[in-house]
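**Q** Got a structure for you, target22.txt, holding compact mmCIF, C-alpha atoms and all ligand atoms.
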```txt
# COMPACT_ATOMS: atom_id res chain seq x y z
CA MET L 1 14.79 -29.01 17.15
CA ALA L 2 15.01 -28.05 13.51
CA GLY L 3 18.79 -28.25 13.42
CA GLN L 4 21.38 -28.45 16.19
CA THR L 5 24.34 -26.16 15.70
CA ASP L 6 27.38 -24.94 17.62
CA MET L 7 25.52 -21.64 18.08
CA LYS L 8 26.24 -20.17 21.54
CA LEU L 9 22.82 -20.09 23.21
CA ILE L 10 24.17 -19.71 26.77
CA LYS L 11 27.08 -17.47 27.75
CA ASN L 12 28.40 -17.48 31.33
CA GLY L 13 25.20 -19.14 32.54
CA VAL L 14 22.95 -16.54 30.88
CA ARG L 15 20.67 -17.25 27.92
CA LEU L 16 20.37 -15.01 24.85
CA ASP L 17 17.18 -13.42 26.23
CA GLY L 18 18.87 -12.74 29.59
CA ARG L 19 17.25 -15.57 31.54
CA LYS L 20 18.97 -18.06 33.85
CA PRO L 21 18.53 -21.74 32.91
CA ASP L 22 15.68 -22.23 35.41
CA GLU L 23 13.72 -19.07 34.57
CA LEU L 24 10.36 -18.83 32.79
CA ARG L 25 9.66 -16.15 30.23
CA GLU L 26 7.25 -13.52 31.48
CA VAL L 27 3.67 -14.78 31.64
CA LYS L 28 0.43 -12.75 31.66
CA ILE L 29 -2.96 -14.47 31.94
CA VAL L 30 -6.39 -12.82 31.70
CA ALA L 31 -9.60 -14.83 32.18
CA GLY L 32 -12.93 -13.96 30.55
CA VAL L 33 -11.87 -11.91 27.54
CA LEU L 34 -14.34 -13.08 24.86
CA ASP L 35 -18.06 -12.17 24.93
CA ASN L 36 -19.14 -14.94 22.59
CA ALA L 37 -17.62 -17.95 24.38
CA ASP L 38 -18.92 -19.59 27.58
CA GLY L 39 -15.43 -19.27 29.02
CA SER L 40 -12.24 -17.70 27.71
CA CYS L 41 -8.67 -16.70 28.37
CA TYR L 42 -5.93 -14.61 26.80
CA LEU L 43 -2.36 -15.57 27.57
CA GLU L 44 0.97 -13.95 26.74
CA TRP L 45 4.07 -16.00 27.42
CA GLY L 46 7.23 -14.29 26.25
CA ASN L 47 6.31 -13.31 22.71
CA ASN L 48 3.65 -16.01 22.41
CA LYS L 49 0.06 -14.78 22.29
CA VAL L 50 -2.85 -17.20 22.57
CA TYR L 51 -6.63 -17.02 22.92
CA ALA L 52 -8.74 -19.89 24.23
CA GLY L 53 -12.53 -20.11 24.07
CA VAL L 54 -14.74 -22.84 25.55
CA PHE L 55 -18.28 -23.78 24.48
CA GLY L 56 -20.58 -26.29 26.17
CA PRO L 57 -21.36 -28.78 27.43
CA MET L 58 -23.58 -29.20 24.36
CA GLU L 59 -25.05 -32.14 22.46
CA CYS L 60 -22.20 -33.90 20.70
CA HIS L 61 -22.16 -33.71 16.90
CA PRO L 62 -21.57 -35.74 14.81
CA ARG L 63 -23.66 -38.19 16.84
CA HIS L 64 -21.43 -41.19 16.11
CA LYS L 65 -18.81 -39.51 18.32
CA GLN L 66 -21.15 -39.45 21.33
CA LYS L 67 -20.26 -41.56 24.37
CA ALA L 68 -23.32 -42.97 26.15
CA ASP L 69 -21.79 -42.57 29.61
CA ARG L 70 -19.73 -39.38 29.36
CA ALA L 71 -18.88 -36.20 27.51
CA ILE L 72 -15.99 -35.88 25.10
CA VAL L 73 -13.67 -32.89 24.94
CA GLN L 74 -13.14 -31.66 21.40
CA ALA L 75 -10.06 -29.45 21.54
CA ARG L 76 -8.83 -27.63 18.47
CA TYR L 77 -5.43 -25.92 18.24
CA THR L 78 -4.78 -23.60 15.32
CA MET L 79 -2.12 -21.04 14.40
CA ALA L 80 -3.15 -17.86 12.65
CA PRO L 81 -1.49 -17.23 9.26
CA PHE L 82 0.18 -14.12 10.75
CA SER L 83 1.45 -15.93 13.88
CA VAL L 84 4.86 -16.82 12.39
CA ASN L 85 7.52 -15.16 10.20
CA ASP L 86 6.60 -16.93 6.99
CA ARG L 87 2.83 -16.68 6.48
CA LYS L 88 1.36 -19.96 7.67
CA ARG L 89 -1.15 -21.69 5.42
CA PRO L 90 -4.49 -21.42 7.24
CA GLY L 91 -6.31 -24.50 8.49
CA TYR L 92 -5.41 -27.87 9.89
CA ASP L 93 -2.10 -29.66 9.31
CA ARG L 94 -0.52 -32.75 10.85
CA ARG L 95 1.05 -30.76 13.68
CA SER L 96 -2.17 -29.00 14.71
CA THR L 97 -4.08 -32.30 14.47
CA GLU L 98 -1.55 -33.90 16.82
CA ILE L 99 -1.65 -31.01 19.30
CA SER L 100 -5.46 -30.94 19.24
CA TYR L 101 -5.57 -34.67 19.95
CA ILE L 102 -3.12 -34.63 22.86
CA ALA L 103 -4.85 -31.59 24.36
CA SER L 104 -8.26 -33.33 24.15
CA GLN L 105 -6.82 -36.38 25.89
CA ALA L 106 -5.26 -34.24 28.63
CA PHE L 107 -8.49 -32.31 29.31
CA GLU L 108 -10.56 -35.51 29.46
CA ARG L 109 -8.41 -36.50 32.46
CA VAL L 110 -9.56 -33.50 34.53
CA VAL L 111 -13.00 -32.52 33.23
CA MET L 112 -15.77 -34.45 35.04
CA VAL L 113 -16.94 -35.91 31.76
CA GLU L 114 -19.09 -38.54 33.52
CA GLU L 115 -21.52 -35.76 34.52
CA PHE L 116 -22.48 -35.04 30.90
CA PRO L 117 -23.38 -38.19 28.93
CA LYS L 118 -23.51 -37.78 25.13
CA ALA L 119 -22.24 -34.20 25.39
CA SER L 120 -19.32 -32.37 23.87
CA ILE L 121 -17.19 -29.65 25.38
CA ARG L 122 -15.49 -27.62 22.69
CA VAL L 123 -12.15 -25.99 23.41
CA ASP L 124 -10.74 -23.68 20.73
CA MET L 125 -7.13 -22.55 21.06
CA GLN L 126 -5.94 -19.90 18.64
CA VAL L 127 -2.27 -18.93 18.53
CA VAL L 128 -1.92 -15.37 17.21
CA GLU L 129 1.84 -15.07 17.76
CA ALA L 130 4.19 -18.05 18.01
CA HIS L 131 7.71 -18.08 19.43
CA ALA L 132 8.09 -21.70 20.68
CA GLY L 133 6.15 -23.30 23.50
CA THR L 134 2.75 -22.62 21.95
CA ARG L 135 1.26 -26.05 22.75
CA CYS L 136 1.99 -25.42 26.45
CA ALA L 137 0.69 -21.86 26.23
CA ALA L 138 -2.50 -23.06 24.48
CA ILE L 139 -3.19 -25.86 26.99
CA THR L 140 -2.57 -23.53 29.93
CA ALA L 141 -4.89 -20.88 28.47
CA ALA L 142 -7.56 -23.47 27.67
CA SER L 143 -7.47 -24.76 31.25
CA VAL L 144 -8.25 -21.28 32.53
CA ALA L 145 -11.00 -20.91 29.89
CA LEU L 146 -12.56 -24.22 31.02
CA ALA L 147 -12.59 -22.99 34.62
CA ASP L 148 -13.97 -19.62 33.46
CA ALA L 149 -16.81 -21.48 31.68
CA GLY L 150 -17.70 -23.19 34.97
CA ILE L 151 -17.02 -26.66 33.59
CA PRO L 152 -16.70 -29.05 36.57
CA MET L 153 -13.06 -30.15 36.79
CA ARG L 154 -10.89 -32.03 39.26
CA ASP L 155 -8.14 -29.46 38.70
CA MET L 156 -6.64 -27.21 36.05
CA ILE L 157 -3.71 -28.33 33.88
CA PRO L 158 -0.65 -26.11 33.63
CA ALA L 159 1.77 -27.02 30.81
CA CYS L 160 5.41 -26.02 30.47
CA ALA L 161 8.40 -27.25 28.49
CA SER L 162 12.00 -27.79 29.51
CA GLY L 163 14.83 -28.90 27.28
CA LYS L 164 18.54 -28.93 26.60
CA VAL L 165 20.70 -26.28 24.92
CA ASN L 166 24.52 -26.20 24.76
CA ASP L 167 24.46 -29.30 27.03
CA VAL L 168 22.57 -27.39 29.76
CA VAL L 169 19.08 -28.41 30.89
CA VAL L 170 16.89 -25.29 30.74
CA LEU L 171 13.30 -24.27 31.44
CA ASP L 172 10.90 -22.90 28.82
CA LEU L 173 12.77 -22.81 25.48
CA ASN L 174 12.52 -19.64 23.41
CA LYS L 175 12.44 -19.67 19.59
CA GLU L 176 16.23 -19.81 19.03
CA GLU L 177 16.61 -22.52 21.69
CA ASP L 178 13.77 -24.50 20.15
CA ASN L 179 15.33 -24.19 16.68
CA TYR L 180 18.96 -24.86 17.58
CA GLY L 181 18.77 -26.71 20.91
CA GLN L 182 19.31 -30.39 21.62
CA ALA L 183 16.00 -31.37 23.26
CA ASP L 184 12.49 -30.09 23.98
CA LEU L 185 10.24 -31.71 26.58
CA PRO L 186 6.69 -30.33 26.92
CA LEU L 187 4.94 -31.48 30.11
CA ALA L 188 1.44 -30.99 31.52
CA ILE L 189 0.46 -32.11 35.00
CA ILE L 190 -2.48 -32.23 37.40
CA PRO L 191 -0.97 -30.21 40.27
CA SER L 192 -3.15 -31.65 43.04
CA THR L 193 -2.09 -35.24 42.29
CA GLY L 194 1.18 -34.82 40.39
CA GLU L 195 -0.21 -36.95 37.53
CA VAL L 196 1.34 -36.40 34.13
CA VAL L 197 -1.30 -35.80 31.44
CA LEU L 198 1.03 -34.84 28.59
CA LEU L 199 4.68 -35.67 28.03
CA GLN L 200 6.55 -35.40 24.75
CA LEU L 201 10.24 -35.44 23.95
CA ASP L 202 11.90 -34.13 20.82
CA GLY L 203 15.67 -34.73 20.80
CA HIS L 204 17.91 -36.70 23.16
CA LEU L 205 18.45 -36.59 26.93
CA THR L 206 20.47 -38.91 29.19
CA PRO L 207 18.49 -40.49 32.08
CA ASP L 208 20.00 -37.88 34.48
CA GLU L 209 19.16 -35.02 32.15
CA PHE L 210 15.64 -36.41 31.76
CA GLU L 211 15.17 -36.34 35.56
CA GLN L 212 16.46 -32.76 35.69
CA ALA L 213 14.25 -31.71 32.79
CA MET L 214 11.17 -33.29 34.46
CA ASP L 215 11.95 -31.48 37.73
CA LEU L 216 12.39 -28.13 35.95
CA ALA L 217 9.23 -28.49 33.83
CA THR L 218 7.25 -29.56 36.93
CA SER L 219 8.40 -26.48 38.84
CA GLY L 220 7.50 -24.34 35.79
CA CYS L 221 4.01 -25.92 35.81
CA MET L 222 3.60 -25.10 39.51
CA ASP L 223 4.60 -21.44 38.90
CA LEU L 224 2.08 -21.25 36.08
CA TYR L 225 -0.60 -22.85 38.24
CA GLU L 226 -0.32 -19.95 40.67
CA LYS L 227 -0.62 -17.44 37.82
CA MET L 228 -3.68 -19.32 36.48
CA ARG L 229 -5.35 -19.17 39.89
CA ASN L 230 -4.50 -15.48 40.18
CA ALA L 231 -6.11 -14.82 36.80
CA LEU L 232 -9.34 -16.44 38.02
CA ASP L 233 -9.13 -14.58 41.34
CA ASN L 234 -8.77 -11.32 39.43
CA ARG L 235 -11.91 -12.10 37.47
CA TYR L 236 -14.00 -13.52 40.29
CA GLY L 237 -12.64 -11.54 43.23
CA GLY L 238 -10.96 -14.42 45.02
CA SER L 239 -14.03 -16.69 44.95
CA ALA L 240 -12.71 -18.96 42.16
N1 LIG P 301 6.53 -22.82 13.90
C1 LIG P 301 6.44 -22.17 12.68
N2 LIG P 301 5.61 -22.68 11.70
C2 LIG P 301 4.86 -23.81 11.92
C3 LIG P 301 4.97 -24.46 13.14
C4 LIG P 301 5.80 -23.94 14.11
O1 LIG P 301 7.10 -21.14 12.48
O2 LIG P 301 4.13 -24.24 11.00
C5 LIG P 301 7.38 -22.25 14.96
C6 LIG P 301 6.53 -21.51 16.01
O3 LIG P 301 7.21 -20.36 16.45
C7 LIG P 301 6.46 -22.55 17.10
C8 LIG P 301 7.86 -23.13 17.02
O4 LIG P 301 8.11 -23.23 15.63
O5 LIG P 301 6.15 -21.98 18.36
C9 LIG P 301 8.05 -24.46 17.69
O6 LIG P 301 7.13 -25.37 17.17
P1 LIG P 301 6.85 -26.76 17.90
O7 LIG P 301 6.26 -27.68 16.88
O8 LIG P 301 8.07 -27.21 18.64
O9 LIG P 301 5.67 -26.44 18.92
P2 LIG P 301 5.59 -25.46 20.17
O10 LIG P 301 6.97 -25.35 20.78
O11 LIG P 301 5.10 -24.14 19.65
O12 LIG P 301 4.62 -26.11 21.08
```
Translate this structure into structure tokens?
**A**
Amino acid sequence: MAGQTDMKLIKNGVRLDGRKPDELREVKIVAGVLDNADGSCYLEWGNNKVYAGVFGPMECHPRHKQKADRAIVQARYTMAPFSVNDRKRPGYDRRSTEISYIASQAFERVVMVEEFPKASIRVDMQVVEAHAGTRCAAITAASVALADAGIPMRDMIPACASGKVNDVVVLDLNKEEDNYGQADLPLAIIPSTGEVVLLQLDGHLTPDEFEQAMDLATSGCMDLYEKMRNALDNRYGGSA
């Protein structure tokens, strides 16, 4: 929501990229793409491209971070310098620290951390091309990578944003909508229980719009969930 403008982002019910308000961008998910990680995933979502790699469970370092009765999930979200128009300074910034933290918290809700005292499960999410919605793309990819690594989980976590542009509630904001829209609401859920494990809101929504945005993002998550399961079926021949 860098700056709201009068820019026409929806004309006659059609968005600039040709989608209807309730349509997702195209999503492609491939599990098991990296030889050197215990589990991995590559995900394309519109023009977003993300890799996720999982390592562990392993002994948690530094030791002062260990939990005597459970594992911790150490998620790390980073954007490559070439992932955006203006070269991005490599390394951690406030935004990537925030996204890493909320992703760790979300994964600790589904990973059976109680089975691995004092351990760490490392989840690395690398965005190689960014066109809005990368936190959702990264969390979705990392969920598939966790499953690919065989980490015991209660469920996977799909993540999807909805928002508001030109006073219309829409699913899955693209770059222009993210830049010039009125609201952005990333959501991640546990599909089997409906629990919300991540919810953020940038911008303003009325209570009615908020309900609509939650419904749209939830349906987006359920669509993604099916694609995530298909990706694992493709890798494991339907036994996942
Ligand atoms: N972005 C950028 N440089 C940055 C951070 C973000 O160009 O340092 C762009 C990138 O395309 C990203 C979009 O702004 O996808 C929206 O960023 P936001 O913080 O809303 O997170 P996202 O929607 O990617 O989860």
**Q** To one decimal place in Å, what is the distance between CA of Val169 (chain L) and CA of Ile102 (chain L)?
**A**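 Result for CA of Val169 (chain L) versus CA of Ile102 (chain L): 24.4 Å, one decimal.
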**Q** Rounded to one decimal, what separation in Å do you get between CA of Pro81 (chain L) and atom C7 of ligand LIG 301 (chain P)?
**A** 12.4 Å
**Q** Between L:Tyr180, L:Tyr51, L:Trp45, L:Tyr236, which is the closest to Thr78 (chain L) once you count only C-alpha atoms?
**A** L:Tyr51
**Q** Excluding Gly203 (chain L) and residues on its chain fewer than 5 positions from it, collect all residues at most 9 Å away from it, counting all atoms listed in the file, and give them as a PyMOL selection string.
**A** chain L and resi 1+163-164+181-185
**Q** Between chain L and ligand LIG 301 (chain P), at 7 Å or less, what are the per-residue closest atom pairs and their distances in Å? Count all atoms listed in the file, order by chain and rising residue number, and return it as JSON lines.
**A**
```
{"residue": "L:Val84", "atom": "CA", "partner": "P:LIG301", "partner_atom": "O1", "distance": 4.9}
{"residue": "L:Asn85", "atom": "CA", "partner": "P:LIG301", "partner_atom": "O1", "distance": 6.4}
{"residue": "L:Asp86", "atom": "CA", "partner": "P:LIG301", "partner_atom": "O1", "distance": 6.9}
{"residue": "L:Lys88", "atom": "CA", "partner": "P:LIG301", "partner_atom": "O2", "distance": 6.1}
{"residue": "L:Arg95", "atom": "CA", "partner": "P:LIG301", "partner_atom": "O7", "distance": 6.8}
{"residue": "L:Ala130", "atom": "CA", "partner": "P:LIG301", "partner_atom": "O3", "distance": 4.1}
{"residue": "L:His131", "atom": "CA", "partner": "P:LIG301", "partner_atom": "O3", "distance": 3.8}
{"residue": "L:Ala132", "atom": "CA", "partner": "P:LIG301", "partner_atom": "O5", "distance": 3.0}
{"residue": "L:Gly133", "atom": "CA", "partner": "P:LIG301", "partner_atom": "O10", "distance": 3.5}
{"residue": "L:Thr134", "atom": "CA", "partner": "P:LIG301", "partner_atom": "O11", "distance": 3.6}
{"residue": "L:Arg135", "atom": "CA", "partner": "P:LIG301", "partner_atom": "O12", "distance": 3.8}
{"residue": "L:Cys136", "atom": "CA", "partner": "P:LIG301", "partner_atom": "O12", "distance": 6.0}
{"residue": "L:Lys175", "atom": "CA", "partner": "P:LIG301", "partner_atom": "O3", "distance": 6.1}
{"residue": "L:Asp178", "atom": "CA", "partner": "P:LIG301", "partner_atom": "C9", "distance": 6.2}
```
**Q** Would you list the contacts of region 10-25 of chain L as a ChimeraX atom specification, taking every protein, DNA or RNA residue within 8 Å and counting all atoms listed in the file, but skipping same-chain residues closer than 3 positions in sequence?
**A** /L:45-46,165-166,168-172,216,220
**Q** Record the distance separating CA of Ser120 (chain L) and CA of Ala68 (chain L), expressed in Å with one decimal.
**A**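 Between CA of Ser120 (chain L) and CA of Ala68 (chain L) the gap works out to 11.6 Å.
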**Q** I'd like a table as JSON lines: residues in region 19-126 of chain L with an atom no more than 6 Å from region 141-153 of chain L, each row giving the shortest atom pair and its distance in Å to one decimal, all atoms listed in the file counted, sorted by chain and rising residue number.
**A**
```
{"residue": "L:Asp38", "atom": "CA", "partner": "L:Ala149", "partner_atom": "CA", "distance": 5.0}
{"residue": "L:Gly39", "atom": "CA", "partner": "L:Ala149", "partner_atom": "CA", "distance": 3.7}
{"residue": "L:Ser40", "atom": "CA", "partner": "L:Ala145", "partner_atom": "CA", "distance": 4.1}
{"residue": "L:Cys41", "atom": "CA", "partner": "L:Ala145", "partner_atom": "CA", "distance": 5.0}
{"residue": "L:Leu43", "atom": "CA", "partner": "L:Ala141", "partner_atom": "CA", "distance": 6.0}
{"residue": "L:Ala52", "atom": "CA", "partner": "L:Ala142", "partner_atom": "CA", "distance": 5.1}
{"residue": "L:Val110", "atom": "CA", "partner": "L:Met153", "partner_atom": "CA", "distance": 5.3}
{"residue": "L:Val111", "atom": "CA", "partner": "L:Met153", "partner_atom": "CA", "distance": 4.3}
{"residue": "L:Met112", "atom": "CA", "partner": "L:Met153", "partner_atom": "CA", "distance": 5.4}
```
**Q** Residues near Glu114 (chain L), anyone? I mean within 10 Å using only C-alpha atoms, not counting same-chain ones fewer than 5 positions away, as a PyMOL selection string.
**A** chain L and resi 67-72+108+119
**Q** Create the file for the chosen residues now, containing C-alpha atoms and written as a PDB file, in the frame of the given file.
**A**
```
ATOM      1  CA  LYS L  67     -20.260 -41.560  24.370  1.00  0.00           C
ATOM      2  CA  ALA L  68     -23.320 -42.970  26.150  1.00  0.00           C
ATOM      3  CA  ASP L  69     -21.790 -42.570  29.610  1.00  0.00           C
ATOM      4  CA  ARG L  70     -19.730 -39.380  29.360  1.00  0.00           C
ATOM      5  CA  ALA L  71     -18.880 -36.200  27.510  1.00  0.00           C
ATOM      6  CA  ILE L  72     -15.990 -35.880  25.100  1.00  0.00           C
ATOM      7  CA  GLU L 108     -10.560 -35.510  29.460  1.00  0.00           C
ATOM      8  CA  ALA L 119     -22.240 -34.200  25.390  1.00  0.00           C
TER       9      ALA L 119
END
```
**Q** Give me, as a PyMOL selection string, all polymer residues having an atom no more than 8 Å from Met228 (chain L), counting only C-alpha atoms and skipping those fewer than 5 positions away in the same chain.
**A** chain L and resi 29+140+144+158
**Q** How about saving the chosen residues, C-alpha atoms kept, as an mmCIF file, in the coordinates of the input?
**A**
```
data_model
loop_
_atom_site.group_PDB
_atom_site.id
_atom_site.type_symbol
_atom_site.label_atom_id
_atom_site.label_comp_id
_atom_site.auth_asym_id
_atom_site.auth_seq_id
_atom_site.Cartn_x
_atom_site.Cartn_y
_atom_site.Cartn_z
ATOM 1 C CA ILE L 29 -2.960 -14.470 31.940
ATOM 2 C CA THR L 140 -2.570 -23.530 29.930
ATOM 3 C CA VAL L 144 -8.250 -21.280 32.530
ATOM 4 C CA PRO L 158 -0.650 -26.110 33.630
#
```
**Q** Can you work out which one of L:Leu224, L:Ile189, L:Ala103, L:Ala31 has the shortest atom-to-atom distance to Val73 (chain L), counting all atoms listed in the file?
**A**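 Closest to Val73 (chain L) of all the choices is L:Ala103.
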**Q** Counting only C-alpha atoms, which of L:Val113, L:Met7, L:Ile121, L:Val50 gets nearest to Gln74 (chain L)?
**A**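 Among L:Val113, L:Met7, L:Ile121, L:Val50, it is L:Ile121 that comes nearest to Gln74 (chain L).
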**Q** Between L:Met156, L:Val123, L:Ile99, L:Ala217, which is the closest to Arg229 (chain L) once you count only C-alpha atoms?
**A** L:Met156
**Q** Check the smallest atom-to-atom distance from each of L:Ala161, L:Val33, L:Ala138, L:Val128 to Leu187 (chain L) using only C-alpha atoms, then report the winner.
**A**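 Checking each of L:Ala161, L:Val33, L:Ala138, L:Val128 against Leu187 (chain L), counting only C-alpha atoms, the winner is L:Ala161.
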**Q** Identify which of the residues L:Asn48, L:Leu173, L:Arg122, L:Glu26 lies closest to Lys227 (chain L), counting all atoms listed in the file when measuring atom-to-atom distances.
**A**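 Among the listed residues, the smallest separation from Lys227 (chain L) belongs to L:Glu26.
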